[in-house]
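Visitor: Have a look at this one before I ask anything.
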Amino acid sequence: LVETGFHHVGQAGLELLTAGDPPTLASQSAGITGVSHHAWPKDLLFRKKIYRKLLSLGSSYRDDVNTSEIVQVAVEGVDQLETYFGSYLPQFFYSMLAPVTLFCVLAPINFPSAIILLLCVPLIPISIAVVMTWAKKLLSKYWGQYTALGDTFLENLQGLTTLKIYQSDEFKHEKMNEESEKFRKITMKVLAMQLNSITIMDVIAYGGAAIGSILAVYNFKTGNIDLSGCILIILLSAEFFLPMRLLGSFFHIAMNGMAASGKIFKLLDITESEDGEYEFKMGDIEIRDVNFSYEEDKEVLHRVNMKLEHGKFTAIVGESGCGKSTTAAILMKKNKNYYGSIKISGIELSKITEKSIMENITYIGHNSYLFKGTVRENLLIAKPNSTDDELSSVLKRAKLFDFLQNENGLDTLVSEKGGNLSGGQCQRLALARALLHNTPVYIFDEATSNIDLESEEAIMNEIHNLAKYKTVIMISHRLVNVKNSDVIYVMDKGRVIESGSHELLLDKGCVYASLWETQQELECYNKEENHETT
């Protein structure tokens, strides 16, 4: 989901839409509602169905299918289906009609030759049917390995920074090589199958044409036909088989498309989980004995208990991998298969509609997604009917207005993912968009990591201002940013091990105090080094 909390599928949906000539950013932000079917190419109509399915599955679609698999089958898979309907089916009907038509032409000239040629034609579809039983299983494995490789690649690419930090990139590199080798082997098997089947069809097609020529010459020598009839049979005998031979070459494309279609239809047939029936109501968020696992044998959260009070500034801290972001994802209904109880104003989270959650809880991550377009277009996604004054107001609050005034104002171009902006500017623009969304609850998940100090200070000042009249939940590895929180929850290995105010946790002298002292020593050391360098 896009970090500001409005109802979008996000990157997977964008990949589907941009696979062809996409609609405008405005139509994307509106969930492509009301776009005329005539404005969409035929392949995009199919992708539109997939996009609609993702919308109906909601932000937890990844519980049922991987993003990389969706992108692969919806881009290449849909293209293969286009070839199937555009090339294979027309050729199929032509291949059925051509031999019958030629038989009607040649039968008056020499019936035995015509009937023998007609009877030999079915040998090609028979050989195709034999190959099909083998090809179907093989291509199913091919697409399975193809999507698995894509999933591994996407996961490693998105988590490359984390892999480098934990020095696990070499391990993942080896795993990637293993997946690539598996894909290479299955690809070579597919190519071998195609080459063998083409060889069989060539033997039948050109062998049949040779038989027709031999029959024509034989009947000419015996006086059953004249020279013109002989030449006509020789010329047309190849035409009995060539259409079916061309059908055989399209057959491989068709089988590939059908294998891809299996995955597409599997996606479209996913049963949508029942959404809640209640609307979001402002109040305390109570988390009681919550357990969660991404994999059955690996628990990420264990008996987590928290009370996120309405109108309070709550912080969740802990080392990387302790379950902080997973907790936030559950609150946003990105992860649904949890055990335990989560209530917002006394109503179970599962009974609250996802749309209502998105309209009332804004999530800002450490790598907020910015769309290719203008600053205005990126902001209007959060609130389409905003005036320029409202847009300027949130940009001023995010300390980005002056910078944009020196550029092209609200019409300043933004490249995809904010590639033409610094990390701090990207986060401040994401913050401005979040402020424009104006929800009662805000979740900041490492929103100030890996940015410059000026941007961090601007973001933290606005977060503290928000905390005066909004429910703010802040996840941070930097404890100095959360010391003014009303309550701090310390997590370790999926459990809440401490909670309280900054001063109370320091007095306890446990995990939080230890982390605080370590970070203070590091910051003092860095300041001394910078001073000496200066």
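If you're wondering about the labels, chains in the structure tokens are A, B, ... by order shown, residues count from 1 in each chain, ligands from 1 in order shown.
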Can you list every residue of range 253-371 of chain A that has an atom at most 6 Å from range 443-455 of chain A, with its nearest atom pair and the distance in Å to one decimal, using only C-alpha atoms, ordered by chain then number, as CSV?

Guide:
```
residue,atom,partner,partner_atom,distance
A:Tyr363,CA,A:Ile443,CA,4.8
A:Ile364,CA,A:Phe444,CA,5.0
A:Gly365,CA,A:Asp445,CA,4.7
A:His366,CA,A:Ala447,CA,4.4
```

Visitor: Keeping only all heavy atoms, write the selected residues to a file as a short mmCIF file (atom, residue, chain, number, x, y, z; two decimals), in the first residue's frame.

Guide:
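Heads up, here's the output in selection05.cif:
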```cif
data_model
loop_
_atom_site.label_atom_id
_atom_site.label_comp_id
_atom_site.auth_asym_id
_atom_site.auth_seq_id
_atom_site.Cartn_x
_atom_site.Cartn_y
_atom_site.Cartn_z
N TYR A 363 0.04 5.65 7.26
CA TYR A 363 1.32 4.96 7.49
C TYR A 363 2.40 5.61 6.64
O TYR A 363 2.25 5.79 5.44
CB TYR A 363 1.16 3.48 7.10
CG TYR A 363 2.45 2.68 7.17
CD1 TYR A 363 2.84 2.04 8.35
CD2 TYR A 363 3.26 2.54 6.05
CE1 TYR A 363 4.00 1.30 8.41
CE2 TYR A 363 4.43 1.80 6.10
CZ TYR A 363 4.80 1.18 7.28
OH TYR A 363 5.95 0.45 7.34
N ILE A 364 3.50 5.98 7.29
CA ILE A 364 4.66 6.55 6.59
C ILE A 364 5.87 5.68 6.90
O ILE A 364 6.30 5.59 8.05
CB ILE A 364 4.95 8.02 7.01
CG1 ILE A 364 3.72 8.88 6.83
CG2 ILE A 364 6.11 8.59 6.20
CD1 ILE A 364 2.90 9.06 8.08
N GLY A 365 6.39 5.03 5.87
CA GLY A 365 7.54 4.15 6.05
C GLY A 365 8.85 4.86 5.81
O GLY A 365 8.90 6.07 5.55
N HIS A 366 9.94 4.10 5.84
CA HIS A 366 11.27 4.69 5.66
C HIS A 366 11.59 4.90 4.18
O HIS A 366 12.54 5.60 3.83
CB HIS A 366 12.34 3.78 6.28
CG HIS A 366 12.54 2.49 5.55
ND1 HIS A 366 11.66 1.44 5.67
CD2 HIS A 366 13.50 2.10 4.67
CE1 HIS A 366 12.07 0.44 4.91
NE2 HIS A 366 13.17 0.81 4.29
#
```

Visitor: Could you list, as an mmCIF file with N, CA and C atoms, in the first residue's frame, every residue within 8 Å of Phe240 in chain A, counting only C-alpha atoms and ignoring same-chain residues fewer than 2 positions away?

Guide:
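As written to disk, result-v4.cif reads:
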```
data_model
loop_
_atom_site.group_PDB
_atom_site.id
_atom_site.type_symbol
_atom_site.label_atom_id
_atom_site.label_comp_id
_atom_site.auth_asym_id
_atom_site.auth_seq_id
_atom_site.Cartn_x
_atom_site.Cartn_y
_atom_site.Cartn_z
ATOM 1 N N ALA A 98 -8.429 -25.340 -44.730
ATOM 2 C CA ALA A 98 -7.579 -25.435 -45.924
ATOM 3 C C ALA A 98 -7.524 -26.851 -46.503
ATOM 4 N N PRO A 99 -7.267 -27.908 -45.705
ATOM 5 C CA PRO A 99 -7.206 -29.260 -46.294
ATOM 6 C C PRO A 99 -8.530 -29.698 -46.928
ATOM 7 N N LEU A 102 -8.879 -27.877 -50.266
ATOM 8 C CA LEU A 102 -7.972 -28.451 -51.271
ATOM 9 C C LEU A 102 -8.443 -29.834 -51.722
ATOM 10 N N LEU A 117 -3.908 -37.687 -49.294
ATOM 11 C CA LEU A 117 -3.374 -36.446 -48.713
ATOM 12 C C LEU A 117 -4.239 -35.974 -47.548
ATOM 13 N N LEU A 118 -5.541 -36.060 -47.699
ATOM 14 C CA LEU A 118 -6.444 -35.624 -46.638
ATOM 15 C C LEU A 118 -6.291 -36.493 -45.392
ATOM 16 N N VAL A 121 -3.125 -35.629 -43.288
ATOM 17 C CA VAL A 121 -3.113 -34.348 -42.569
ATOM 18 C C VAL A 121 -3.297 -34.520 -41.060
ATOM 19 N N ALA A 209 3.933 -34.101 -48.149
ATOM 20 C CA ALA A 209 4.048 -33.428 -49.447
ATOM 21 C C ALA A 209 4.793 -34.304 -50.444
ATOM 22 N N LEU A 236 -0.056 -28.390 -54.980
ATOM 23 C CA LEU A 236 -1.012 -28.243 -53.880
ATOM 24 C C LEU A 236 -0.818 -29.250 -52.758
ATOM 25 N N SER A 237 -0.037 -30.303 -52.995
ATOM 26 C CA SER A 237 0.151 -31.311 -51.945
ATOM 27 C C SER A 237 0.820 -30.709 -50.709
ATOM 28 N N ALA A 238 1.769 -29.763 -50.947
ATOM 29 C CA ALA A 238 2.432 -29.114 -49.801
ATOM 30 C C ALA A 238 1.454 -28.249 -49.022
ATOM 31 N N LEU A 242 1.247 -27.458 -44.968
ATOM 32 C CA LEU A 242 1.902 -26.245 -44.457
ATOM 33 C C LEU A 242 1.039 -25.447 -43.478
ATOM 34 N N PRO A 243 -0.279 -25.283 -43.709
ATOM 35 C CA PRO A 243 -1.081 -24.575 -42.694
ATOM 36 C C PRO A 243 -1.061 -25.277 -41.336
ATOM 37 N N MET A 244 -1.142 -26.633 -41.381
ATOM 38 C CA MET A 244 -1.101 -27.375 -40.126
ATOM 39 C C MET A 244 0.293 -27.305 -39.503
#
```

Visitor: Do a neighbour search on range 153-164 of chain A at 9 Å with only C-alpha atoms, toss out local chain neighbours closer than 3 positions, and write the hits as a list in words.

Guide: Thr67, Ser68, Ala148, Leu149, Gly150, Gln167, Ser168, Asp169, Glu170, Lys172, His173 and Met176 of chain A

Visitor: Now that the selection is made, can you save its residues with C-alpha atoms as a PDB file, in the first residue's frame?

Guide:
```pdb
ATOM      1  CA  THR A  67       3.954  -9.524  -6.095  1.00  0.00           C
ATOM      2  CA  SER A  68       6.591 -10.777  -8.542  1.00  0.00           C
ATOM      3  CA  ALA A 148       9.998 -18.406  -8.175  1.00  0.00           C
ATOM      4  CA  LEU A 149      13.119 -16.843  -9.683  1.00  0.00           C
ATOM      5  CA  GLY A 150      11.323 -13.510 -10.048  1.00  0.00           C
ATOM      6  CA  GLN A 167      26.492  -9.418   5.641  1.00  0.00           C
ATOM      7  CA  SER A 168      24.081 -11.978   4.214  1.00  0.00           C
ATOM      8  CA  ASP A 169      24.363 -10.811   0.617  1.00  0.00           C
ATOM      9  CA  GLU A 170      26.839 -13.599  -0.272  1.00  0.00           C
ATOM     10  CA  LYS A 172      21.544 -14.784  -0.943  1.00  0.00           C
ATOM     11  CA  HIS A 173      23.838 -14.510  -3.968  1.00  0.00           C
ATOM     12  CA  MET A 176      20.033 -16.702  -6.430  1.00  0.00           C
TER      13      MET A 176
END
```

Visitor: What's the separation between CA of Thr471 in chain A and CA of Tyr489 in chain A, in Å to one decimal place?

Guide: 15.3 Å

Visitor: Nearest to Gln145 in chain A: which of A:Leu227, A:Ile233, A:Ile186, A:Ile116 is it, counting only C-alpha atoms?

Guide: A:Ile186

Visitor: Excluding Ile198 in chain A and any residue of its chain fewer than 3 positions from it, enumerate the residues within 12 Å of it, using only C-alpha atoms, and give them as a list in words.

Guide: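 Final neighbour list, sorted by chain and number: Ile124, Ser127, Ile128, Val131, Leu191, Ala192, Met193, Gln194, Leu195, Met201, Asp202, Val203, Ile204, Ala205, Tyr206, Met244, Arg245, Leu246, Leu247, Gly248, Ser249, Phe250, Phe251 and His252 of chain A.
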
Visitor: Atoms to include: N, CA and C atoms. Write the selected residues as a compact mmCIF listing (two decimals), in the first residue's frame.

Guide:
```
# COMPACT_ATOMS: atom_id res chain seq x y z
N ILE A 124 -0.42 -34.63 -38.13
CA ILE A 124 0.21 -33.48 -37.46
C ILE A 124 -0.51 -33.15 -36.16
N SER A 127 0.30 -35.73 -33.61
CA SER A 127 1.63 -35.54 -33.01
C SER A 127 1.62 -34.38 -32.03
N ILE A 128 0.84 -33.33 -32.35
CA ILE A 128 0.71 -32.19 -31.43
C ILE A 128 0.06 -32.64 -30.13
N VAL A 131 2.56 -34.46 -28.04
CA VAL A 131 3.50 -33.53 -27.43
C VAL A 131 2.83 -32.73 -26.31
N LEU A 191 13.11 -25.76 -24.56
CA LEU A 191 13.65 -25.57 -25.90
C LEU A 191 13.85 -26.91 -26.61
N ALA A 192 14.32 -27.92 -25.86
CA ALA A 192 14.52 -29.24 -26.44
C ALA A 192 13.18 -29.85 -26.86
N MET A 193 12.16 -29.67 -26.03
CA MET A 193 10.82 -30.16 -26.36
C MET A 193 10.30 -29.49 -27.62
N GLN A 194 10.50 -28.18 -27.73
CA GLN A 194 10.03 -27.45 -28.90
C GLN A 194 10.77 -27.90 -30.16
N LEU A 195 12.08 -28.09 -30.05
CA LEU A 195 12.87 -28.52 -31.21
C LEU A 195 12.45 -29.91 -31.67
N MET A 201 6.95 -32.62 -36.63
CA MET A 201 5.97 -32.01 -37.52
C MET A 201 6.55 -31.75 -38.91
N ASP A 202 7.85 -31.42 -38.98
CA ASP A 202 8.49 -31.21 -40.28
C ASP A 202 8.54 -32.51 -41.07
N VAL A 203 8.87 -33.58 -40.37
CA VAL A 203 8.94 -34.89 -41.04
C VAL A 203 7.57 -35.26 -41.62
N ILE A 204 6.51 -35.04 -40.81
CA ILE A 204 5.16 -35.39 -41.27
C ILE A 204 4.73 -34.47 -42.41
N ALA A 205 4.97 -33.15 -42.25
CA ALA A 205 4.51 -32.19 -43.25
C ALA A 205 5.20 -32.40 -44.59
N TYR A 206 6.53 -32.43 -44.57
CA TYR A 206 7.24 -32.55 -45.83
C TYR A 206 7.22 -33.98 -46.37
N MET A 244 -1.14 -26.63 -41.38
CA MET A 244 -1.10 -27.38 -40.13
C MET A 244 0.29 -27.31 -39.50
N ARG A 245 1.31 -27.25 -40.37
CA ARG A 245 2.69 -27.11 -39.86
C ARG A 245 2.86 -25.77 -39.17
N LEU A 246 2.31 -24.71 -39.76
CA LEU A 246 2.38 -23.38 -39.13
C LEU A 246 1.61 -23.36 -37.82
N LEU A 247 0.49 -24.09 -37.78
CA LEU A 247 -0.27 -24.21 -36.54
C LEU A 247 0.59 -24.86 -35.46
N GLY A 248 1.40 -25.84 -35.87
CA GLY A 248 2.28 -26.50 -34.90
C GLY A 248 3.29 -25.54 -34.30
N SER A 249 3.80 -24.60 -35.12
CA SER A 249 4.76 -23.63 -34.58
C SER A 249 4.08 -22.67 -33.61
N PHE A 250 2.82 -22.30 -33.92
CA PHE A 250 2.07 -21.44 -32.99
C PHE A 250 1.66 -22.19 -31.73
N PHE A 251 1.63 -23.51 -31.85
CA PHE A 251 1.20 -24.33 -30.73
C PHE A 251 2.07 -24.09 -29.50
N HIS A 252 3.37 -23.92 -29.68
CA HIS A 252 4.27 -23.71 -28.55
C HIS A 252 3.95 -22.40 -27.84
```

Visitor: List the neighbours of range 509-512 of chain A out to 12 Å using only C-alpha atoms; skip same-chain residues closer than 3 positions along the sequence, and give me the result as a count of residues only.

Guide: 31

Visitor: List the spatial neighbours of Ile70 in chain A as a PyMOL selection string - criterion: any atom at most 10 Å away, only C-alpha atoms, same-chain residues fewer than 3 positions off excluded.

Guide: chain A and resi 12-13+15-16+50-51+54+62+65-67+73-75+77+147+151+263-264+267

Visitor: Enumerate as a list in words all residues of range 276-312 of chain A assigned to strand (DSSP E) by DSSP on the backbone, naming them with the chain letters and numbers the document uses.

Guide: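 DSSP on the backbone gives strand (DSSP E) at Ile285, Glu286, Ile287, Arg288, Asp289, Val290, Asn291, Phe292, Ser293, Tyr294, Glu295, Lys298, Glu299, Val300, Leu301, His302, Arg303, Val304, Asn305, Met306, Lys307 and Leu308 of chain A.
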
Visitor: Any idea what's packed within 12 Å of Ser293 in chain A, counting only C-alpha atoms, ignoring anything in its chain fewer than 6 positions away? Could you give it as a ChimeraX atom specification?

Guide: /A:63,299-303,323,326-327,330,335-339,494

Visitor: To test your reading of the structure, identify every residue in range 442-475 of chain A that backbone DSSP assigns to alpha helix (DSSP H), and report it as a PyMOL selection string.

Guide: chain A and resi 453-466

Visitor: Next, write the just-selected residues to a file, as a tab-separated table (two decimals), in the first residue's frame, keeping all heavy atoms as the atom set.

Guide:
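So the final result, stored in result-v9.tsv, reads:
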```
chain	number	residue	atom	x	y	z
A	453	LEU	N	20.38	15.31	8.66
A	453	LEU	CA	19.94	15.82	9.97
A	453	LEU	C	18.89	16.92	9.85
A	453	LEU	O	17.98	17.01	10.67
A	453	LEU	CB	21.16	16.33	10.75
A	453	LEU	CG	22.15	15.27	11.26
A	453	LEU	CD1	23.35	15.93	11.91
A	453	LEU	CD2	21.45	14.34	12.25
A	454	GLU	N	19.02	17.77	8.82
A	454	GLU	CA	18.06	18.85	8.64
A	454	GLU	C	16.66	18.29	8.39
A	454	GLU	O	15.67	18.75	8.98
A	454	GLU	CB	18.49	19.74	7.47
A	454	GLU	CG	17.53	20.92	7.23
A	454	GLU	CD	17.92	21.73	6.00
A	454	GLU	OE1	18.98	21.46	5.40
A	454	GLU	OE2	17.13	22.63	5.62
A	455	SER	N	16.59	17.29	7.51
A	455	SER	CA	15.29	16.67	7.21
A	455	SER	C	14.76	15.92	8.42
A	455	SER	O	13.55	15.96	8.71
A	455	SER	CB	15.43	15.70	6.02
A	455	SER	OG	15.78	16.39	4.85
A	456	GLU	N	15.65	15.25	9.15
A	456	GLU	CA	15.23	14.52	10.34
A	456	GLU	C	14.64	15.48	11.37
A	456	GLU	O	13.59	15.20	11.98
A	456	GLU	CB	16.41	13.77	10.94
A	456	GLU	CG	16.04	12.96	12.18
A	456	GLU	CD	17.22	12.20	12.76
A	456	GLU	OE1	18.38	12.52	12.40
A	456	GLU	OE2	17.00	11.31	13.59
A	457	GLU	N	15.28	16.61	11.55
A	457	GLU	CA	14.79	17.60	12.51
A	457	GLU	C	13.42	18.15	12.08
A	457	GLU	O	12.51	18.30	12.90
A	457	GLU	CB	15.80	18.74	12.64
A	457	GLU	CG	15.40	19.78	13.68
A	457	GLU	CD	16.43	20.90	13.82
A	457	GLU	OE1	17.49	20.82	13.16
A	457	GLU	OE2	16.16	21.86	14.55
A	458	ALA	N	13.27	18.43	10.78
A	458	ALA	CA	12.00	18.96	10.27
A	458	ALA	C	10.87	17.95	10.46
A	458	ALA	O	9.76	18.31	10.88
A	458	ALA	CB	12.14	19.31	8.78
A	459	ILE	N	11.16	16.70	10.18
A	459	ILE	CA	10.14	15.65	10.32
A	459	ILE	C	9.78	15.43	11.78
A	459	ILE	O	8.61	15.33	12.15
A	459	ILE	CB	10.63	14.34	9.66
A	459	ILE	CG1	10.71	14.51	8.14
A	459	ILE	CG2	9.71	13.17	10.01
A	459	ILE	CD1	11.35	13.35	7.41
A	460	MET	N	10.80	15.40	12.65
A	460	MET	CA	10.54	15.16	14.07
A	460	MET	C	9.76	16.32	14.69
A	460	MET	O	8.88	16.09	15.54
A	460	MET	CB	11.85	14.95	14.83
A	460	MET	CG	12.49	13.58	14.60
A	460	MET	SD	11.37	12.19	14.89
A	460	MET	CE	10.79	12.54	16.54
A	461	ASN	N	10.04	17.54	14.29
A	461	ASN	CA	9.29	18.69	14.81
A	461	ASN	C	7.81	18.57	14.46
A	461	ASN	O	6.93	18.84	15.29
A	461	ASN	CB	9.86	20.00	14.25
A	461	ASN	CG	11.18	20.38	14.88
A	461	ASN	OD1	11.50	19.92	15.98
A	461	ASN	ND2	11.96	21.19	14.20
A	462	GLU	N	7.54	18.16	13.22
A	462	GLU	CA	6.14	18.02	12.81
A	462	GLU	C	5.47	16.83	13.49
A	462	GLU	O	4.28	16.88	13.81
A	462	GLU	CB	6.05	17.89	11.27
A	462	GLU	CG	4.64	18.00	10.73
A	462	GLU	CD	3.92	19.25	11.18
A	462	GLU	OE1	4.56	20.33	11.18
A	462	GLU	OE2	2.73	19.16	11.53
A	463	ILE	N	6.22	15.76	13.72
A	463	ILE	CA	5.67	14.61	14.44
A	463	ILE	C	5.27	15.02	15.86
A	463	ILE	O	4.20	14.65	16.35
A	463	ILE	CB	6.69	13.44	14.47
A	463	ILE	CG1	6.83	12.82	13.06
A	463	ILE	CG2	6.26	12.37	15.47
A	463	ILE	CD1	7.88	11.75	12.96
A	464	HIS	N	6.12	15.79	16.52
A	464	HIS	CA	5.80	16.25	17.88
A	464	HIS	C	4.59	17.19	17.88
A	464	HIS	O	3.78	17.17	18.81
A	464	HIS	CB	7.02	16.95	18.50
A	464	HIS	CG	8.10	15.99	18.90
A	464	HIS	ND1	9.40	16.12	18.48
A	464	HIS	CD2	8.06	14.87	19.66
A	464	HIS	CE1	10.13	15.13	18.98
A	464	HIS	NE2	9.33	14.36	19.70
A	465	ASN	N	4.46	18.00	16.82
A	465	ASN	CA	3.28	18.86	16.71
A	465	ASN	C	2.01	18.02	16.51
A	465	ASN	O	0.97	18.30	17.11
A	465	ASN	CB	3.44	19.84	15.54
A	465	ASN	CG	4.46	20.93	15.83
A	465	ASN	OD1	4.69	21.29	16.99
A	465	ASN	ND2	5.09	21.45	14.79
A	466	LEU	N	2.12	17.00	15.68
A	466	LEU	CA	0.99	16.11	15.45
A	466	LEU	C	0.56	15.40	16.73
A	466	LEU	O	-0.63	15.21	16.98
A	466	LEU	CB	1.34	15.04	14.40
A	466	LEU	CG	1.22	15.39	12.92
A	466	LEU	CD1	1.71	14.23	12.07
A	466	LEU	CD2	-0.23	15.73	12.56
```

Visitor: Using only C-alpha atoms, find the one residue out of A:Asn291, A:Ser345, A:Ser197, A:Asn360 that sits nearest to Glu309 in chain A.

Guide: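 Closest to Glu309 in chain A of all the choices is A:Ser345.
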
Visitor: Please compute the CA of Glu348 in chain A-CA of Ile473 in chain A distance, one decimal, in Å.

Guide: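 It comes out at 18.9 Å.
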